[in-house]
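Visitor: Structure below; questions to follow.
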Amino acid sequence: MTKNIPWHPKEIFYSQTDKSARISIIHKSKCFDLPLSHTFFHQSPSSLQTYNSLMDSLCSDDDLADAAEEDLRHWAISPFLPFLDGIPPSLDRTPLTLHEYRHPDTYRLLLCVENEKREPRFDYRVPGQLRPEGVDVGDFIFCSGWGIYSPEDIEIKTPSRDKGLASVPSRVCVGDTVCFFKPVEYTDKRATLREMTIYKKLETGGISSRVRVPRLIGLVLHENGDLVIGLLLTLVECNYKSLECVVRPETPSALRMKWDAQVTDAVSCLHEAGIIWGDVKAANALIDDCGDAWVVDFGGGYTRGWVSKENMETVKGDLEGLSRIKEFVYR
């Protein structure tokens, strides 16, 4: 059962090895970060047993992972409710930017359990160095039509600041243009360079106008201006629908044939231009609000059950994945 909570969940990281966790929430435009560990329990065997039970559920039961996360978060955050309730509401009505999402006003909390009593505290220690951000694309030559933006230039489209700060942004705005924001992690260098290379081919070869694939509108650079932290793509208005979720037993044959033909034609067009799709699967074929199929995600790699590892990022692999998509569509 969903609990009536005043905050918005942001992130939760946990380790099965030492049963530690780190919870982040958003409340009144502020971020609250709370580490959890068995080392914070003193003379509290009953509370420690409760904590270990929550962590066991979180680490071992994939089917109930969401419920386990909610239970752990509620158990850990509820002692801080009086403090959270006393925070004045944010008066900021300006549009939320990507810079604000990346650098929210953050409070670090600490939950200690002494003699079976949960004691909420502030953690005033200076946080350690954050992990590296973004990708250094070296001497890659950008396409002349791509825009270069900073996080301050990117407005996040969100119904509220709290929801925008709590969720990884996807629908964003640059000026009057609505885009899809695809974040880039520091571990994604190979995939990012592959994707940029393909989008450059699509642009310079005029292929984007002949096949339903997103276009790369621009790049978002780190505040220091030297690393790519995200790609700005044309937005496919699909309400998060892909072939994976729209094909149902009652789906008409005409629609199945249409989607099959559209994806097949797109793959054929890409191959004619010397482009390998890569991670071919039903989840990477979006169905827009007009009912048309779009081919997305050129980062490469493969997904087990769709493309075999030995055929990864080859024409043979694309055709293997396409065959699996056809099987999925007509099942």
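By order of appearance in the structure tokens: chains A, B, ..., then residues from 1 within every chain, and ligands from 1 in the order shown.
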What's the 7 Å shell around stretch 276-282 of chain A, counting only C-alpha atoms, without same-chain residues fewer than 4 positions away, as a compact mmCIF listing (two decimals) with N, CA and C atoms, in the first residue's frame?

Guide:
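File written: part.txt
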```txt
# COMPACT_ATOMS: atom_id res chain seq x y z
N SER A 242 6.50 1.87 -26.27
CA SER A 242 7.36 1.18 -27.22
C SER A 242 6.65 -0.08 -27.70
N LEU A 243 7.22 -0.73 -28.70
CA LEU A 243 6.64 -1.99 -29.18
C LEU A 243 6.50 -2.99 -28.04
N GLU A 244 7.45 -2.94 -27.12
CA GLU A 244 7.46 -3.90 -26.01
C GLU A 244 6.19 -3.84 -25.18
N LEU A 270 19.02 2.39 -42.82
CA LEU A 270 20.24 2.58 -42.04
C LEU A 270 21.39 1.78 -42.63
N HIS A 271 21.14 0.53 -42.99
CA HIS A 271 22.19 -0.32 -43.54
C HIS A 271 22.68 0.20 -44.88
N PHE A 298 21.22 4.61 -30.38
CA PHE A 298 22.34 4.17 -31.20
C PHE A 298 23.62 4.03 -30.39
N GLY A 300 24.73 1.39 -29.07
CA GLY A 300 25.37 0.09 -29.30
C GLY A 300 25.13 -0.89 -28.18
N GLY A 301 25.95 -1.92 -28.16
CA GLY A 301 25.78 -3.00 -27.20
C GLY A 301 24.77 -4.02 -27.70
N TYR A 302 24.28 -4.84 -26.81
CA TYR A 302 23.29 -5.85 -27.18
C TYR A 302 22.48 -6.21 -25.94
N THR A 303 21.31 -6.79 -26.18
CA THR A 303 20.46 -7.26 -25.09
C THR A 303 20.21 -8.75 -25.28
N TRP A 306 17.70 -10.87 -27.64
CA TRP A 306 17.38 -10.14 -28.87
C TRP A 306 18.51 -10.23 -29.88
N VAL A 307 19.73 -10.00 -29.40
CA VAL A 307 20.91 -10.11 -30.27
C VAL A 307 21.98 -10.88 -29.51
N MET A 312 27.03 -8.70 -31.94
CA MET A 312 26.83 -7.33 -31.45
C MET A 312 27.39 -6.30 -32.43
N GLU A 313 26.54 -5.31 -32.76
CA GLU A 313 26.94 -4.18 -33.60
C GLU A 313 27.44 -4.61 -34.97
N THR A 314 26.74 -5.57 -35.56
CA THR A 314 27.01 -6.01 -36.93
C THR A 314 25.70 -6.04 -37.69
N VAL A 315 25.80 -6.07 -39.03
CA VAL A 315 24.59 -6.21 -39.84
C VAL A 315 23.87 -7.49 -39.47
N ASP A 318 21.93 -6.92 -36.34
CA ASP A 318 20.72 -6.13 -36.59
C ASP A 318 19.61 -7.01 -37.17
N GLY A 321 18.23 -9.29 -34.50
CA GLY A 321 17.30 -8.57 -33.63
C GLY A 321 16.00 -8.24 -34.34
N LEU A 322 16.09 -7.89 -35.63
CA LEU A 322 14.88 -7.59 -36.40
C LEU A 322 13.99 -8.81 -36.51
N ILE A 325 12.18 -9.14 -33.33
CA ILE A 325 11.11 -8.15 -33.24
C ILE A 325 9.88 -8.64 -34.02
```

Visitor: Just list as a ChimeraX atom specification whatever in stretch 14-152 of chain A DSSP marks as alpha helix (DSSP H).

Guide: /A:45-60,65-77,81-85,98-102

Visitor: Applying 12 Å and only C-alpha atoms, which residues near A:Trp146 remain after dropping the ones on its own chain fewer than 3 positions away? List them as a short mmCIF file (atom, residue, chain, number, x, y, z; two decimals) with N, CA and C atoms, in the first residue's frame.

Guide:
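This went into part_13.cif:
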```cif
data_model
loop_
_atom_site.label_atom_id
_atom_site.label_comp_id
_atom_site.auth_asym_id
_atom_site.auth_seq_id
_atom_site.Cartn_x
_atom_site.Cartn_y
_atom_site.Cartn_z
N ILE A 141 34.78 16.09 -34.13
CA ILE A 141 34.31 17.30 -34.79
C ILE A 141 32.78 17.31 -34.80
N PHE A 142 32.21 18.29 -34.12
CA PHE A 142 30.75 18.39 -34.04
C PHE A 142 30.16 18.78 -35.38
N CYS A 143 28.93 18.34 -35.60
CA CYS A 143 28.19 18.74 -36.79
C CYS A 143 27.85 20.23 -36.67
N TYR A 149 25.22 23.80 -25.47
CA TYR A 149 24.48 24.43 -24.38
C TYR A 149 25.12 24.10 -23.04
N MET A 196 27.07 9.77 -31.23
CA MET A 196 27.34 11.05 -31.89
C MET A 196 27.77 10.84 -33.34
N TYR A 199 24.60 9.94 -35.36
CA TYR A 199 23.74 11.10 -35.58
C TYR A 199 24.37 12.07 -36.57
N LYS A 200 25.69 12.15 -36.58
CA LYS A 200 26.37 13.00 -37.56
C LYS A 200 26.16 12.44 -38.97
N GLU A 203 22.68 13.16 -40.12
CA GLU A 203 22.49 14.58 -40.46
C GLU A 203 23.15 14.92 -41.79
N THR A 204 24.41 14.56 -41.93
CA THR A 204 25.14 14.95 -43.14
C THR A 204 24.68 14.18 -44.36
N ARG A 215 16.67 13.21 -34.30
CA ARG A 215 17.83 13.99 -34.72
C ARG A 215 18.54 14.53 -33.48
N LEU A 216 19.85 14.65 -33.57
CA LEU A 216 20.61 15.27 -32.50
C LEU A 216 20.56 16.79 -32.69
N ILE A 217 19.92 17.48 -31.76
CA ILE A 217 19.76 18.92 -31.84
C ILE A 217 20.98 19.64 -31.26
N GLY A 218 21.52 19.09 -30.19
CA GLY A 218 22.66 19.74 -29.57
C GLY A 218 23.25 18.93 -28.44
N LEU A 219 24.32 19.46 -27.87
CA LEU A 219 25.04 18.81 -26.77
C LEU A 219 25.01 19.72 -25.55
N VAL A 220 24.89 19.11 -24.39
CA VAL A 220 24.97 19.86 -23.13
C VAL A 220 26.33 19.59 -22.51
N LEU A 231 22.88 14.58 -24.29
CA LEU A 231 22.51 14.81 -25.68
C LEU A 231 21.08 15.37 -25.71
N LEU A 232 20.84 16.31 -26.60
CA LEU A 232 19.51 16.85 -26.81
C LEU A 232 18.99 16.32 -28.14
N LEU A 233 17.93 15.52 -28.08
CA LEU A 233 17.37 14.87 -29.26
C LEU A 233 15.97 15.40 -29.54
N THR A 234 15.55 15.29 -30.79
CA THR A 234 14.16 15.63 -31.09
C THR A 234 13.26 14.72 -30.27
#
```

Visitor: Just the number, please: distance in Å from atom CA of A:Trp7 to atom CA of A:Ser160, one decimal.

Guide: 12.5 Å

Visitor: Write out as a PDB file with N, CA, C and O atoms, in the first residue's frame each polymer residue whose atoms come within 8 Å of stretch 187-195 of chain A, counting only C-alpha atoms; drop sequence neighbours fewer than 5 positions from it.

Guide:
```
ATOM      1  N   VAL A 135      31.599  12.993 -20.371  1.00  0.00           N
ATOM      2  CA  VAL A 135      32.522  12.280 -21.251  1.00  0.00           C
ATOM      3  C   VAL A 135      33.385  13.276 -22.010  1.00  0.00           C
ATOM      4  O   VAL A 135      32.891  14.262 -22.565  1.00  0.00           O
ATOM      5  N   ASP A 136      34.673  13.002 -22.040  1.00  0.00           N
ATOM      6  CA  ASP A 136      35.597  13.784 -22.848  1.00  0.00           C
ATOM      7  C   ASP A 136      35.610  13.174 -24.249  1.00  0.00           C
ATOM      8  O   ASP A 136      36.075  12.055 -24.442  1.00  0.00           O
ATOM      9  N   VAL A 137      35.059  13.909 -25.221  1.00  0.00           N
ATOM     10  CA  VAL A 137      34.960  13.366 -26.583  1.00  0.00           C
ATOM     11  C   VAL A 137      36.178  13.706 -27.421  1.00  0.00           C
ATOM     12  O   VAL A 137      36.202  13.470 -28.639  1.00  0.00           O
ATOM     13  N   ASP A 297      17.995   4.882 -29.979  1.00  0.00           N
ATOM     14  CA  ASP A 297      19.135   4.379 -29.201  1.00  0.00           C
ATOM     15  C   ASP A 297      20.215   3.773 -30.100  1.00  0.00           C
ATOM     16  O   ASP A 297      20.145   2.609 -30.486  1.00  0.00           O
ATOM     17  N   PHE A 298      21.222   4.607 -30.376  1.00  0.00           N
ATOM     18  CA  PHE A 298      22.343   4.168 -31.204  1.00  0.00           C
ATOM     19  C   PHE A 298      23.623   4.031 -30.392  1.00  0.00           C
ATOM     20  O   PHE A 298      24.723   4.128 -30.931  1.00  0.00           O
ATOM     21  N   GLY A 299      23.478   3.804 -29.096  1.00  0.00           N
ATOM     22  CA  GLY A 299      24.643   3.662 -28.230  1.00  0.00           C
ATOM     23  C   GLY A 299      25.357   2.327 -28.379  1.00  0.00           C
ATOM     24  O   GLY A 299      26.455   2.151 -27.855  1.00  0.00           O
ATOM     25  N   GLY A 300      24.734   1.386 -29.075  1.00  0.00           N
ATOM     26  CA  GLY A 300      25.375   0.093 -29.301  1.00  0.00           C
ATOM     27  C   GLY A 300      25.131  -0.890 -28.179  1.00  0.00           C
ATOM     28  O   GLY A 300      24.231  -0.737 -27.359  1.00  0.00           O
TER      29      GLY A 300
END
```

Visitor: Using only C-alpha atoms, which of the listed residues (A:Ile77, A:Val295, A:Leu48, A:Ala65) sits closest to A:Ser268?

Guide: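 Checking each of A:Ile77, A:Val295, A:Leu48, A:Ala65 against A:Ser268, counting only C-alpha atoms, the winner is A:Val295.
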
Visitor: With distances taken over only C-alpha atoms, which of A:Cys31, A:Leu111, A:Val236, A:Leu54 is nearest to A:His8?

Guide: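 Residue with the minimum atom-to-atom distance to A:His8: A:Cys31.
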
Visitor: As an mmCIF file with C-alpha atoms, in the first residue's frame, please: every residue in stretch 116-233 of chain A that a backbone DSSP assignment puts in strand (DSSP E or B).

Guide:
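Written out: out.cif:
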```cif
data_model
loop_
_atom_site.group_PDB
_atom_site.id
_atom_site.type_symbol
_atom_site.label_atom_id
_atom_site.label_comp_id
_atom_site.auth_asym_id
_atom_site.auth_seq_id
_atom_site.Cartn_x
_atom_site.Cartn_y
_atom_site.Cartn_z
ATOM 1 C CA LYS A 117 15.167 4.881 19.788
ATOM 2 C CA ARG A 118 15.689 6.418 16.357
ATOM 3 C CA GLU A 119 17.459 9.737 16.801
ATOM 4 C CA PRO A 120 17.449 12.095 13.782
ATOM 5 C CA ARG A 121 20.537 14.257 13.490
ATOM 6 C CA PHE A 122 22.318 16.545 11.039
ATOM 7 C CA VAL A 135 32.522 12.280 -21.251
ATOM 8 C CA GLY A 147 23.868 23.609 -30.699
ATOM 9 C CA ILE A 148 26.195 23.740 -27.701
ATOM 10 C CA TYR A 149 24.483 24.428 -24.383
ATOM 11 C CA GLU A 155 14.687 24.226 -18.744
ATOM 12 C CA ILE A 156 13.139 21.066 -17.296
ATOM 13 C CA ARG A 171 11.479 16.342 -21.428
ATOM 14 C CA VAL A 172 13.328 19.652 -21.536
ATOM 15 C CA CYS A 173 13.167 22.969 -23.337
ATOM 16 C CA VAL A 174 15.887 25.000 -25.047
ATOM 17 C CA THR A 177 12.252 23.998 -28.664
ATOM 18 C CA VAL A 178 11.085 20.989 -26.655
ATOM 19 C CA CYS A 179 13.685 18.195 -26.670
ATOM 20 C CA PHE A 180 14.459 14.822 -25.171
ATOM 21 C CA PHE A 181 17.439 14.990 -22.813
ATOM 22 C CA LYS A 182 19.616 11.879 -22.720
ATOM 23 C CA PRO A 183 22.127 12.087 -19.842
ATOM 24 C CA LEU A 216 20.608 15.271 -32.496
ATOM 25 C CA ILE A 217 19.765 18.924 -31.842
ATOM 26 C CA GLY A 218 22.660 19.744 -29.567
ATOM 27 C CA LEU A 219 25.044 18.812 -26.774
ATOM 28 C CA VAL A 220 24.968 19.859 -23.131
ATOM 29 C CA LEU A 221 28.428 20.511 -21.728
ATOM 30 C CA VAL A 228 29.613 16.258 -22.598
ATOM 31 C CA ILE A 229 26.981 15.523 -19.937
ATOM 32 C CA GLY A 230 23.968 15.014 -22.190
ATOM 33 C CA LEU A 231 22.505 14.810 -25.680
ATOM 34 C CA LEU A 232 19.508 16.849 -26.814
ATOM 35 C CA LEU A 233 17.368 14.870 -29.260
#
```

Visitor: Rank A:Leu34, A:Ala68, A:Val113, A:Leu165 by their smallest atom-to-atom distance to A:His99, using only C-alpha atoms, and report the top residue only.

Guide: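 For A:His99, the nearest of the given residues is A:Leu165.
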
Visitor: Excluding same-chain residues fewer than 6 positions from stretch 287-294 of chain A, what lies within 9 Å of it counting only C-alpha atoms, as a list in words?

Guide: Val211, Arg212, Val213, Pro214, Val236, Glu237, Cys238, Asn239, Tyr240, Lys241, Ser242, Leu243, Val246, Leu255, Lys258, Trp259, Asp260, Gln262, Val263 and Ala266 of chain A

Visitor: Let me see the file: selected residues, C-alpha atoms, as a PDB file, in the first residue's frame.

Guide:
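File produced: again19.pdb:
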```pdb
ATOM      1  CA  VAL A 211      13.492   7.442 -41.763  1.00  0.00           C
ATOM      2  CA  ARG A 212      11.808   7.830 -38.374  1.00  0.00           C
ATOM      3  CA  VAL A 213      14.804   8.343 -36.113  1.00  0.00           C
ATOM      4  CA  PRO A 214      15.437  11.232 -33.707  1.00  0.00           C
ATOM      5  CA  VAL A 236       9.240  11.582 -30.015  1.00  0.00           C
ATOM      6  CA  GLU A 237       5.803  12.241 -28.559  1.00  0.00           C
ATOM      7  CA  CYS A 238       4.983   8.726 -27.447  1.00  0.00           C
ATOM      8  CA  ASN A 239       4.088   8.894 -23.743  1.00  0.00           C
ATOM      9  CA  TYR A 240       6.837   6.319 -23.079  1.00  0.00           C
ATOM     10  CA  LYS A 241       5.217   3.710 -25.369  1.00  0.00           C
ATOM     11  CA  SER A 242       7.362   1.181 -27.223  1.00  0.00           C
ATOM     12  CA  LEU A 243       6.639  -1.989 -29.179  1.00  0.00           C
ATOM     13  CA  VAL A 246       1.875  -1.795 -26.965  1.00  0.00           C
ATOM     14  CA  LEU A 255      -1.171  -2.382 -36.880  1.00  0.00           C
ATOM     15  CA  LYS A 258       2.437  -1.474 -40.164  1.00  0.00           C
ATOM     16  CA  TRP A 259       4.952  -1.506 -37.314  1.00  0.00           C
ATOM     17  CA  ASP A 260       6.808  -4.457 -38.805  1.00  0.00           C
ATOM     18  CA  GLN A 262       8.195   0.642 -40.558  1.00  0.00           C
ATOM     19  CA  VAL A 263      10.936  -0.912 -38.422  1.00  0.00           C
ATOM     20  CA  ALA A 266      14.177   1.881 -41.108  1.00  0.00           C
TER      21      ALA A 266
END
```

Visitor: Which residues are near A:His74? Cut-off 12 Å, only C-alpha atoms, ignore same chain within fewer than 3 positions. Put them as a list of chain:residue names.

Guide: A:Thr2, A:Lys3, A:Asn4, A:Ile5, A:Pro6, A:Trp7, A:His8, A:Pro9, A:Ile23, A:Ser24, A:Ile25, A:Tyr51, A:Leu54, A:Ala67, A:Ala68, A:Glu69, A:Glu70, A:Asp71, A:Ile77, A:Ser78, A:Pro79, A:Phe80, A:Leu81

Visitor: Near stretch 329-331 of chain A, counting only C-alpha atoms, which residues have an atom at most 7 Å away, once you skip same-chain residues fewer than 3 positions from it, shown as a list in words?

Guide: Val247, Arg256, Ile325 and Lys326 of chain A

Visitor: May I have the residues from that selection written out with N, CA, C and O atoms, as a PDB file, in the first residue's frame?

Guide:
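That gives us result29.pdb:
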```pdb
ATOM      1  N   VAL A 247       2.172  -4.008 -27.951  1.00  0.00           N
ATOM      2  CA  VAL A 247       1.672  -5.204 -28.625  1.00  0.00           C
ATOM      3  C   VAL A 247       0.931  -6.080 -27.620  1.00  0.00           C
ATOM      4  O   VAL A 247       1.508  -6.531 -26.631  1.00  0.00           O
ATOM      5  N   ARG A 256       0.049  -4.451 -36.533  1.00  0.00           N
ATOM      6  CA  ARG A 256       1.254  -5.271 -36.439  1.00  0.00           C
ATOM      7  C   ARG A 256       2.047  -5.200 -37.748  1.00  0.00           C
ATOM      8  O   ARG A 256       3.275  -5.039 -37.741  1.00  0.00           O
ATOM      9  N   ILE A 325      12.181  -9.139 -33.328  1.00  0.00           N
ATOM     10  CA  ILE A 325      11.106  -8.150 -33.241  1.00  0.00           C
ATOM     11  C   ILE A 325       9.880  -8.636 -34.015  1.00  0.00           C
ATOM     12  O   ILE A 325       8.738  -8.520 -33.551  1.00  0.00           O
ATOM     13  N   LYS A 326      10.111  -9.201 -35.204  1.00  0.00           N
ATOM     14  CA  LYS A 326       8.995  -9.729 -35.998  1.00  0.00           C
ATOM     15  C   LYS A 326       8.279 -10.840 -35.240  1.00  0.00           C
ATOM     16  O   LYS A 326       7.031 -10.901 -35.212  1.00  0.00           O
TER      17      LYS A 326
END
```
